[in-house]
Amino acid sequence: MGVAPKQVTLVQLAGAARAALGGGRRLEGVERLAGGTTKGVYRLTMDDATTAIAYLWEDSENYWPATEQDGDLADPFSPGAGLDLFEAAHARLGALGVRVLEIHLVDRDRTHYPADLAIVEDVPGENLMDLRARDPRAAEPTMTRLVESLATMRGHRAPSFGKVALIDGGGTSRSASCEQAALVFGLRCLGEAAARDHRIADARAQLEVRLRQLTAAVRPRAEHSVVHGELGLDHVLVDRDGRPVLIDIENLLYFDVEWEHVFLRLRHARGEYRRLSVESLDKDRLALYRLTQHLSLTAGPLRLLDGDFPDREFMRGIAEHHLNEALSLIPAA
């Protein structure tokens with residue numbers, strides 16, 4: 001992993017497109033869509049202008065350098081990619097009535113392509129972030145429905161915490177609690193960031209003490225909700241009926257709802273987040289998860305830059321911002 005993606009050709013996807021969309025249609029165009037770091041995303045256009053999206057999970061489409069945690073379902077924060085995670089998340093959200101992309105074809109036997117493949121519906125047009133920036137009034141009905149979807153996810157109670165694919169398959173996460181899993185993840189991110197930036201290395205001991213202090217302050221809880229984990233409004237499409245459609249769902253978790261809301265706060269301006277905010281969030285969990293996510297969003301981009309990710313300045317900017325935010329959370333002496 002961590003290599004530049006190849007260009008998938010029309011010939012390679014013609015059979016899959018025909019099996020997914022059928023009806024005598026013939027694949028006429030294949031267009032790579034920007035933005036993915038773990039899978040290839042392609043728009044397929046048939047000869048009658050019907051479109052669909054192909055997801056390809058193969059090493060050549062994954063910019064992330066390999067780690068020891070890859071594929072470790074018992075770790076809620078192990079790098080998540082693959083058809084199994086996608087299908088489990090899709091099934092869970094669909095069962096809750098949350099709008100997700102319709103699946104036209106799943107090919108895990110590699111009948112049509114030499115990697116795991118799914119062909120899903122295409123929802124053309126703007127994502128919710130772009131729509132809201134262009135026309136907040138037009139975006140408001142979709143925002144309202146997104147708030148309702150998040151309430152549904154928040155209200156679900158899972159038997160345990162961890163990756164949806166693991167828990168729904170009867171498995172158990174390795175850590176004893178959400179906060180302990182976050183501590184393990186935070187310490188791992190701290191180590192990865194310290195190995196790549198001297199400012200984190202210089203503050204490593206203080207940051208570790210702070211992570212442990214914040215973890216110790218968290219009171220036990222046995223409620224686990226459905227959490228997207230990386231929910232920005234750019235991960236919400238808007239269908240023709242104005243409904244929000246969640247995408248990039250492979251990292252769906254059963255976890256503390258505070259994890260979701262820390263990311264929402266970090267990802268959106270205050271005015272955007274206010275529309276999505278909820279009351280009664282646990283302040284101690286918010287504090288722990290805030291520091292953990294700042295460390296994650298420092299270490300992750302720096303690790304991505306070990307490979308040949310193309311938009312390097314953008315990724316450096318993310319790492320720099322979250323590095324400084326993490327350092328700002330060290331209590332003054």
# chains A, B, ... in the order shown; residues from 1 in each chain; ligands from 1
call {"tool": "select_by_dssp", "arguments": {"residues": "region 183-260 of chain A", "states": "helix (DSSP H, G or I)", "output": "PyMOL selection string"}}
result
chain A and resi 183-194+198-202+204-216+233-235+257-260
call {"tool": "write_last_selection", "arguments": {"atoms": "N, CA and C atoms", "output": "short mmCIF file (atom, residue, chain, number, x, y, z; two decimals), in the first residue's frame"}}
result
data_model
loop_
_atom_site.label_atom_id
_atom_site.label_comp_id
_atom_site.auth_asym_id
_atom_site.auth_seq_id
_atom_site.Cartn_x
_atom_site.Cartn_y
_atom_site.Cartn_z
N LEU A 183 -7.69 5.55 24.58
CA LEU A 183 -6.36 5.77 25.16
C LEU A 183 -5.30 5.01 24.37
N VAL A 184 -5.56 3.74 24.09
CA VAL A 184 -4.60 2.94 23.31
C VAL A 184 -4.35 3.61 21.95
N PHE A 185 -5.43 4.04 21.31
CA PHE A 185 -5.31 4.71 20.01
C PHE A 185 -4.55 6.02 20.14
N GLY A 186 -4.88 6.81 21.15
CA GLY A 186 -4.20 8.09 21.33
C GLY A 186 -2.72 7.92 21.56
N LEU A 187 -2.34 6.93 22.37
CA LEU A 187 -0.92 6.68 22.61
C LEU A 187 -0.22 6.22 21.34
N ARG A 188 -0.90 5.41 20.54
CA ARG A 188 -0.31 4.98 19.28
C ARG A 188 -0.10 6.17 18.34
N CYS A 189 -1.11 7.04 18.25
CA CYS A 189 -0.98 8.22 17.41
C CYS A 189 0.12 9.15 17.92
N LEU A 190 0.21 9.26 19.23
CA LEU A 190 1.26 10.09 19.82
C LEU A 190 2.64 9.57 19.43
N GLY A 191 2.83 8.27 19.50
CA GLY A 191 4.11 7.70 19.11
C GLY A 191 4.42 7.91 17.64
N GLU A 192 3.40 7.73 16.78
CA GLU A 192 3.61 7.93 15.34
C GLU A 192 3.93 9.38 15.03
N ALA A 193 3.23 10.30 15.67
CA ALA A 193 3.47 11.72 15.42
C ALA A 193 4.84 12.14 15.95
N ALA A 194 5.20 11.63 17.14
CA ALA A 194 6.50 11.99 17.72
C ALA A 194 7.66 11.52 16.85
N HIS A 198 9.41 16.87 15.61
CA HIS A 198 10.16 17.07 16.86
C HIS A 198 9.34 17.80 17.91
N ARG A 199 8.35 18.61 17.50
CA ARG A 199 7.56 19.33 18.49
C ARG A 199 6.70 18.38 19.31
N ILE A 200 6.14 17.38 18.66
CA ILE A 200 5.39 16.36 19.39
C ILE A 200 6.35 15.51 20.22
N ALA A 201 7.50 15.20 19.64
CA ALA A 201 8.49 14.41 20.38
C ALA A 201 8.91 15.13 21.66
N ASP A 202 9.10 16.44 21.57
CA ASP A 202 9.53 17.21 22.74
C ASP A 202 8.45 17.23 23.83
N ARG A 204 6.10 14.80 24.18
CA ARG A 204 5.49 13.48 24.24
C ARG A 204 5.12 13.06 25.67
N ALA A 205 6.03 13.27 26.60
CA ALA A 205 5.75 12.86 27.98
C ALA A 205 4.55 13.60 28.55
N GLN A 206 4.48 14.90 28.29
CA GLN A 206 3.36 15.69 28.80
C GLN A 206 2.04 15.27 28.16
N LEU A 207 2.08 14.99 26.87
CA LEU A 207 0.86 14.58 26.17
C LEU A 207 0.40 13.21 26.66
N GLU A 208 1.35 12.32 26.94
CA GLU A 208 0.95 11.01 27.47
C GLU A 208 0.31 11.14 28.85
N VAL A 209 0.91 11.96 29.70
CA VAL A 209 0.32 12.18 31.02
C VAL A 209 -1.09 12.73 30.89
N ARG A 210 -1.27 13.67 29.96
CA ARG A 210 -2.59 14.28 29.79
C ARG A 210 -3.61 13.27 29.29
N LEU A 211 -3.22 12.43 28.35
CA LEU A 211 -4.13 11.38 27.87
C LEU A 211 -4.56 10.47 29.01
N ARG A 212 -3.63 10.09 29.85
CA ARG A 212 -3.96 9.19 30.95
C ARG A 212 -4.83 9.89 31.99
N GLN A 213 -4.57 11.17 32.24
CA GLN A 213 -5.40 11.92 33.18
C GLN A 213 -6.84 12.01 32.68
N LEU A 214 -7.00 12.33 31.41
CA LEU A 214 -8.33 12.47 30.84
C LEU A 214 -9.07 11.14 30.84
N THR A 215 -8.36 10.05 30.58
CA THR A 215 -8.99 8.73 30.60
C THR A 215 -9.45 8.38 32.02
N ALA A 216 -8.63 8.69 33.00
CA ALA A 216 -8.97 8.35 34.38
C ALA A 216 -10.19 9.12 34.87
N LEU A 233 -19.90 17.19 6.42
CA LEU A 233 -20.99 17.40 5.46
C LEU A 233 -20.57 17.05 4.04
N ASP A 234 -19.25 16.94 3.81
CA ASP A 234 -18.79 16.47 2.50
C ASP A 234 -18.93 14.96 2.36
N HIS A 235 -19.25 14.27 3.44
CA HIS A 235 -19.54 12.84 3.38
C HIS A 235 -21.04 12.57 3.39
N VAL A 257 -21.26 8.36 21.67
CA VAL A 257 -21.72 9.40 20.75
C VAL A 257 -20.80 10.62 20.79
N GLU A 258 -20.10 10.81 21.90
CA GLU A 258 -19.18 11.95 22.01
C GLU A 258 -18.07 11.89 20.96
N TRP A 259 -17.69 10.68 20.56
CA TRP A 259 -16.65 10.56 19.52
C TRP A 259 -17.12 11.23 18.23
N GLU A 260 -18.38 10.99 17.88
CA GLU A 260 -18.95 11.60 16.68
C GLU A 260 -18.96 13.11 16.78
#
call {"tool": "closest_residue", "arguments": {"among": "A:Thr37, A:Thr9, A:Gln293, A:Thr45", "to": "Glu121 (chain A)", "atoms": "only C-alpha atoms"}}
result
A:Thr45
call {"tool": "residues_around", "arguments": {"residues": "Glu250 (chain A)", "least_positions_apart": "6", "cutoff": "10 Å", "atoms": "only C-alpha atoms", "output": "PDB file with all heavy atoms, in the first residue's frame"}}
result
ATOM      1  N   PRO A  79      -6.956   0.690  10.866  1.00  0.00           N
ATOM      2  CA  PRO A  79      -7.333   1.190   9.544  1.00  0.00           C
ATOM      3  C   PRO A  79      -8.424   0.330   8.923  1.00  0.00           C
ATOM      4  O   PRO A  79      -8.288  -0.888   8.819  1.00  0.00           O
ATOM      5  CB  PRO A  79      -6.016   1.104   8.749  1.00  0.00           C
ATOM      6  CG  PRO A  79      -4.957   1.219   9.797  1.00  0.00           C
ATOM      7  CD  PRO A  79      -5.505   0.509  11.011  1.00  0.00           C
ATOM      8  N   GLY A  80      -9.528   0.952   8.560  1.00  0.00           N
ATOM      9  CA  GLY A  80     -10.688   0.219   8.067  1.00  0.00           C
ATOM     10  C   GLY A  80     -10.882   0.400   6.574  1.00  0.00           C
ATOM     11  O   GLY A  80     -11.083   1.508   6.105  1.00  0.00           O
ATOM     12  N   ALA A  81     -10.789  -0.676   5.843  1.00  0.00           N
ATOM     13  CA  ALA A  81     -11.054  -0.639   4.411  1.00  0.00           C
ATOM     14  C   ALA A  81     -11.484  -2.031   3.981  1.00  0.00           C
ATOM     15  O   ALA A  81     -11.018  -3.017   4.532  1.00  0.00           O
ATOM     16  CB  ALA A  81      -9.809  -0.197   3.626  1.00  0.00           C
ATOM     17  N   GLY A  82     -12.375  -2.083   3.014  1.00  0.00           N
ATOM     18  CA  GLY A  82     -12.732  -3.383   2.476  1.00  0.00           C
ATOM     19  C   GLY A  82     -14.220  -3.584   2.340  1.00  0.00           C
ATOM     20  O   GLY A  82     -15.030  -2.901   2.972  1.00  0.00           O
ATOM     21  N   LEU A  83     -14.549  -4.543   1.516  1.00  0.00           N
ATOM     22  CA  LEU A  83     -15.941  -4.827   1.189  1.00  0.00           C
ATOM     23  C   LEU A  83     -16.728  -5.324   2.403  1.00  0.00           C
ATOM     24  O   LEU A  83     -17.895  -4.960   2.587  1.00  0.00           O
ATOM     25  CB  LEU A  83     -15.985  -5.869   0.066  1.00  0.00           C
ATOM     26  CG  LEU A  83     -17.354  -6.315  -0.434  1.00  0.00           C
ATOM     27  CD1 LEU A  83     -18.189  -5.121  -0.874  1.00  0.00           C
ATOM     28  CD2 LEU A  83     -17.187  -7.300  -1.591  1.00  0.00           C
ATOM     29  N   ASP A  84     -16.101  -6.131   3.266  1.00  0.00           N
ATOM     30  CA  ASP A  84     -16.820  -6.645   4.430  1.00  0.00           C
ATOM     31  C   ASP A  84     -17.268  -5.511   5.347  1.00  0.00           C
ATOM     32  O   ASP A  84     -18.400  -5.508   5.843  1.00  0.00           O
ATOM     33  CB  ASP A  84     -15.934  -7.622   5.213  1.00  0.00           C
ATOM     34  CG  ASP A  84     -15.705  -8.935   4.469  1.00  0.00           C
ATOM     35  OD1 ASP A  84     -16.466  -9.205   3.511  1.00  0.00           O
ATOM     36  OD2 ASP A  84     -14.776  -9.671   4.830  1.00  0.00           O
ATOM     37  N   LEU A  85     -16.385  -4.556   5.597  1.00  0.00           N
ATOM     38  CA  LEU A  85     -16.735  -3.419   6.445  1.00  0.00           C
ATOM     39  C   LEU A  85     -17.830  -2.580   5.797  1.00  0.00           C
ATOM     40  O   LEU A  85     -18.761  -2.118   6.467  1.00  0.00           O
ATOM     41  CB  LEU A  85     -15.502  -2.553   6.717  1.00  0.00           C
ATOM     42  CG  LEU A  85     -14.391  -3.198   7.546  1.00  0.00           C
ATOM     43  CD1 LEU A  85     -13.233  -2.224   7.703  1.00  0.00           C
ATOM     44  CD2 LEU A  85     -14.894  -3.651   8.899  1.00  0.00           C
ATOM     45  N   PHE A  86     -17.720  -2.386   4.499  1.00  0.00           N
ATOM     46  CA  PHE A  86     -18.730  -1.605   3.780  1.00  0.00           C
ATOM     47  C   PHE A  86     -20.097  -2.272   3.870  1.00  0.00           C
ATOM     48  O   PHE A  86     -21.099  -1.621   4.177  1.00  0.00           O
ATOM     49  CB  PHE A  86     -18.310  -1.444   2.318  1.00  0.00           C
ATOM     50  CG  PHE A  86     -19.378  -0.832   1.455  1.00  0.00           C
ATOM     51  CD1 PHE A  86     -19.656   0.521   1.525  1.00  0.00           C
ATOM     52  CD2 PHE A  86     -20.128  -1.617   0.580  1.00  0.00           C
ATOM     53  CE1 PHE A  86     -20.652   1.089   0.735  1.00  0.00           C
ATOM     54  CE2 PHE A  86     -21.116  -1.063  -0.215  1.00  0.00           C
ATOM     55  CZ  PHE A  86     -21.376   0.298  -0.134  1.00  0.00           C
ATOM     56  N   GLU A  87     -20.144  -3.579   3.615  1.00  0.00           N
ATOM     57  CA  GLU A  87     -21.433  -4.273   3.638  1.00  0.00           C
ATOM     58  C   GLU A  87     -22.057  -4.275   5.028  1.00  0.00           C
ATOM     59  O   GLU A  87     -23.269  -4.097   5.181  1.00  0.00           O
ATOM     60  CB  GLU A  87     -21.263  -5.712   3.139  1.00  0.00           C
ATOM     61  CG  GLU A  87     -21.160  -5.829   1.638  1.00  0.00           C
ATOM     62  CD  GLU A  87     -21.423  -7.238   1.168  1.00  0.00           C
ATOM     63  OE1 GLU A  87     -20.612  -8.128   1.472  1.00  0.00           O
ATOM     64  OE2 GLU A  87     -22.454  -7.460   0.492  1.00  0.00           O
ATOM     65  N   ALA A  88     -21.246  -4.490   6.063  1.00  0.00           N
ATOM     66  CA  ALA A  88     -21.772  -4.503   7.427  1.00  0.00           C
ATOM     67  C   ALA A  88     -22.317  -3.133   7.808  1.00  0.00           C
ATOM     68  O   ALA A  88     -23.398  -3.018   8.405  1.00  0.00           O
ATOM     69  CB  ALA A  88     -20.686  -4.936   8.412  1.00  0.00           C
ATOM     70  N   ALA A  89     -21.577  -2.082   7.460  1.00  0.00           N
ATOM     71  CA  ALA A  89     -22.040  -0.732   7.770  1.00  0.00           C
ATOM     72  C   ALA A  89     -23.297  -0.389   6.989  1.00  0.00           C
ATOM     73  O   ALA A  89     -24.240   0.217   7.522  1.00  0.00           O
ATOM     74  CB  ALA A  89     -20.924   0.271   7.449  1.00  0.00           C
ATOM     75  N   HIS A  90     -23.328  -0.777   5.737  1.00  0.00           N
ATOM     76  CA  HIS A  90     -24.480  -0.525   4.882  1.00  0.00           C
ATOM     77  C   HIS A  90     -25.720  -1.214   5.448  1.00  0.00           C
ATOM     78  O   HIS A  90     -26.813  -0.616   5.504  1.00  0.00           O
ATOM     79  CB  HIS A  90     -24.178  -1.033   3.469  1.00  0.00           C
ATOM     80  CG  HIS A  90     -25.184  -0.650   2.439  1.00  0.00           C
ATOM     81  ND1 HIS A  90     -26.381  -1.328   2.274  1.00  0.00           N
ATOM     82  CD2 HIS A  90     -25.185   0.348   1.515  1.00  0.00           C
ATOM     83  CE1 HIS A  90     -27.052  -0.783   1.293  1.00  0.00           C
ATOM     84  NE2 HIS A  90     -26.368   0.244   0.813  1.00  0.00           N
ATOM     85  N   LYS A 163     -16.050  -2.064  15.935  1.00  0.00           N
ATOM     86  CA  LYS A 163     -16.435  -2.000  14.536  1.00  0.00           C
ATOM     87  C   LYS A 163     -17.756  -2.753  14.331  1.00  0.00           C
ATOM     88  O   LYS A 163     -17.945  -3.844  14.864  1.00  0.00           O
ATOM     89  CB  LYS A 163     -15.350  -2.600  13.651  1.00  0.00           C
ATOM     90  CG  LYS A 163     -14.065  -1.763  13.579  1.00  0.00           C
ATOM     91  CD  LYS A 163     -13.085  -2.374  12.611  1.00  0.00           C
ATOM     92  CE  LYS A 163     -11.777  -1.579  12.531  1.00  0.00           C
ATOM     93  NZ  LYS A 163     -11.956  -0.226  11.993  1.00  0.00           N
ATOM     94  N   VAL A 164     -18.634  -2.163  13.556  1.00  0.00           N
ATOM     95  CA  VAL A 164     -19.943  -2.779  13.335  1.00  0.00           C
ATOM     96  C   VAL A 164     -19.793  -4.179  12.748  1.00  0.00           C
ATOM     97  O   VAL A 164     -20.505  -5.113  13.134  1.00  0.00           O
ATOM     98  CB  VAL A 164     -20.804  -1.869  12.434  1.00  0.00           C
ATOM     99  CG1 VAL A 164     -22.021  -2.609  11.907  1.00  0.00           C
ATOM    100  CG2 VAL A 164     -21.233  -0.625  13.210  1.00  0.00           C
ATOM    101  N   ALA A 165     -18.855  -4.345  11.834  1.00  0.00           N
ATOM    102  CA  ALA A 165     -18.656  -5.667  11.229  1.00  0.00           C
ATOM    103  C   ALA A 165     -18.275  -6.709  12.278  1.00  0.00           C
ATOM    104  O   ALA A 165     -18.689  -7.874  12.193  1.00  0.00           O
ATOM    105  CB  ALA A 165     -17.575  -5.587  10.152  1.00  0.00           C
ATOM    106  N   HIS A 228     -20.656   7.272  12.856  1.00  0.00           N
ATOM    107  CA  HIS A 228     -20.006   7.255  11.541  1.00  0.00           C
ATOM    108  C   HIS A 228     -18.498   7.346  11.691  1.00  0.00           C
ATOM    109  O   HIS A 228     -17.748   6.615  11.057  1.00  0.00           O
ATOM    110  CB  HIS A 228     -20.536   8.423  10.702  1.00  0.00           C
ATOM    111  CG  HIS A 228     -19.978   8.494   9.313  1.00  0.00           C
ATOM    112  ND1 HIS A 228     -18.700   8.944   9.040  1.00  0.00           N
ATOM    113  CD2 HIS A 228     -20.522   8.188   8.099  1.00  0.00           C
ATOM    114  CE1 HIS A 228     -18.490   8.910   7.726  1.00  0.00           C
ATOM    115  NE2 HIS A 228     -19.578   8.447   7.140  1.00  0.00           N
ATOM    116  N   GLY A 229     -18.030   8.274  12.531  1.00  0.00           N
ATOM    117  CA  GLY A 229     -16.615   8.382  12.843  1.00  0.00           C
ATOM    118  C   GLY A 229     -15.870   9.444  12.071  1.00  0.00           C
ATOM    119  O   GLY A 229     -14.885  10.000  12.571  1.00  0.00           O
ATOM    120  N   GLU A 230     -16.297   9.730  10.862  1.00  0.00           N
ATOM    121  CA  GLU A 230     -15.640  10.752  10.038  1.00  0.00           C
ATOM    122  C   GLU A 230     -16.700  11.573   9.316  1.00  0.00           C
ATOM    123  O   GLU A 230     -16.617  11.811   8.117  1.00  0.00           O
ATOM    124  CB  GLU A 230     -14.698  10.107   9.015  1.00  0.00           C
ATOM    125  CG  GLU A 230     -13.565   9.330   9.627  1.00  0.00           C
ATOM    126  CD  GLU A 230     -12.660   8.707   8.581  1.00  0.00           C
ATOM    127  OE1 GLU A 230     -13.005   8.732   7.382  1.00  0.00           O
ATOM    128  OE2 GLU A 230     -11.610   8.192   8.963  1.00  0.00           O
TER     129      GLU A 230
END
call {"tool": "residues_around", "arguments": {"residues": "Pro141 (chain A)", "least_positions_apart": "5", "cutoff": "9 Å", "atoms": "only C-alpha atoms", "output": "number ranges by chain"}}
result
A: 146, 242-243
call {"tool": "write_last_selection", "arguments": {"atoms": "N, CA and C atoms", "output": "JSON list (two decimals), in the first residue's frame"}}
result
[["chain", "number", "residue", "atom", "x", "y", "z"],
["A", 146, "LEU", "N", -30.83, 15.19, 8.13],
["A", 146, "LEU", "CA", -29.57, 14.67, 8.67],
["A", 146, "LEU", "C", -29.61, 14.65, 10.19],
["A", 242, "GLY", "N", -33.93, 15.38, -1.88],
["A", 242, "GLY", "CA", -33.40, 16.21, -0.80],
["A", 242, "GLY", "C", -33.00, 15.43, 0.44],
["A", 243, "ARG", "N", -32.95, 14.10, 0.35],
["A", 243, "ARG", "CA", -32.57, 13.30, 1.51],
["A", 243, "ARG", "C", -31.05, 13.22, 1.63]]
call {"tool": "select_by_dssp", "arguments": {"residues": "region 206-331 of chain A", "states": "strand (DSSP E)", "output": "ChimeraX atom specification"}}
result
/A:225-227,236-238,244-246,253-255
call {"tool": "residues_around", "arguments": {"residues": "Ala139 (chain A)", "least_positions_apart": "5", "cutoff": "12 Å", "atoms": "only C-alpha atoms", "output": "PyMOL selection string"}}
result
chain A and resi 126-134+144-146+233+236-239+241-244+272+275
call {"tool": "closest_residue", "arguments": {"among": "A:Val30, A:Gly232, A:Leu305, A:Gly97", "to": "Tyr273 (chain A)", "atoms": "only C-alpha atoms"}}
result
A:Gly232
call {"tool": "atom_distance", "arguments": {"atom1": "CA of Val8 (chain A)", "atom2": "CA of Glu313 (chain A)"}}
result
26.2 Å
call {"tool": "residues_around", "arguments": {"residues": "Thr172 (chain A)", "least_positions_apart": "5", "cutoff": "7 Å", "atoms": "only C-alpha atoms", "output": "MDAnalysis selection string"}}
result
chainID A and resid 74 166:167
call {"tool": "write_last_selection", "arguments": {"atoms": "N, CA and C atoms", "output": "mmCIF file, in the first residue's frame"}}
result
data_model
loop_
_atom_site.group_PDB
_atom_site.id
_atom_site.type_symbol
_atom_site.label_atom_id
_atom_site.label_comp_id
_atom_site.auth_asym_id
_atom_site.auth_seq_id
_atom_site.Cartn_x
_atom_site.Cartn_y
_atom_site.Cartn_z
ATOM 1 N N ALA A 74 -10.602 -6.323 16.016
ATOM 2 C CA ALA A 74 -10.776 -6.178 17.455
ATOM 3 C C ALA A 74 -10.309 -4.818 17.968
ATOM 4 N N LEU A 166 -17.503 -6.300 13.277
ATOM 5 C CA LEU A 166 -17.089 -7.223 14.332
ATOM 6 C C LEU A 166 -18.249 -7.550 15.262
ATOM 7 N N ILE A 167 -18.906 -6.520 15.787
ATOM 8 C CA ILE A 167 -19.943 -6.721 16.793
ATOM 9 C C ILE A 167 -21.154 -7.435 16.196
#
call {"tool": "closest_atom_pairs", "arguments": {"of": "region 71-177 of chain A", "to": "region 13-28 of chain A", "cutoff": "7 Å", "atoms": "only C-alpha atoms", "output": "Markdown table"}}
result
| residue | atom | partner | partner_atom | distance |
| --- | --- | --- | --- | --- |
| A:His104 | CA | A:Ala20 | CA | 5.3 |
| A:Leu105 | CA | A:Ala20 | CA | 5.1 |
| A:His112 | CA | A:Ala16 | CA | 5.3 |
| A:Ile119 | CA | A:Ala20 | CA | 6.8 |
call {"tool": "residues_around", "arguments": {"residues": "Gly36 (chain A)", "least_positions_apart": "5", "cutoff": "9 Å", "atoms": "only C-alpha atoms", "output": "list of chain:residue names"}}
result
A:Val41, A:Glu61, A:Asn62, A:Tyr63, A:Asp248
call {"tool": "atom_distance", "arguments": {"atom1": "CA of His156 (chain A)", "atom2": "CA of Tyr254 (chain A)"}}
result
9.1 Å
call {"tool": "atom_distance", "arguments": {"atom1": "CA of Val245 (chain A)", "atom2": "CA of Thr111 (chain A)"}}
result
28.6 Å
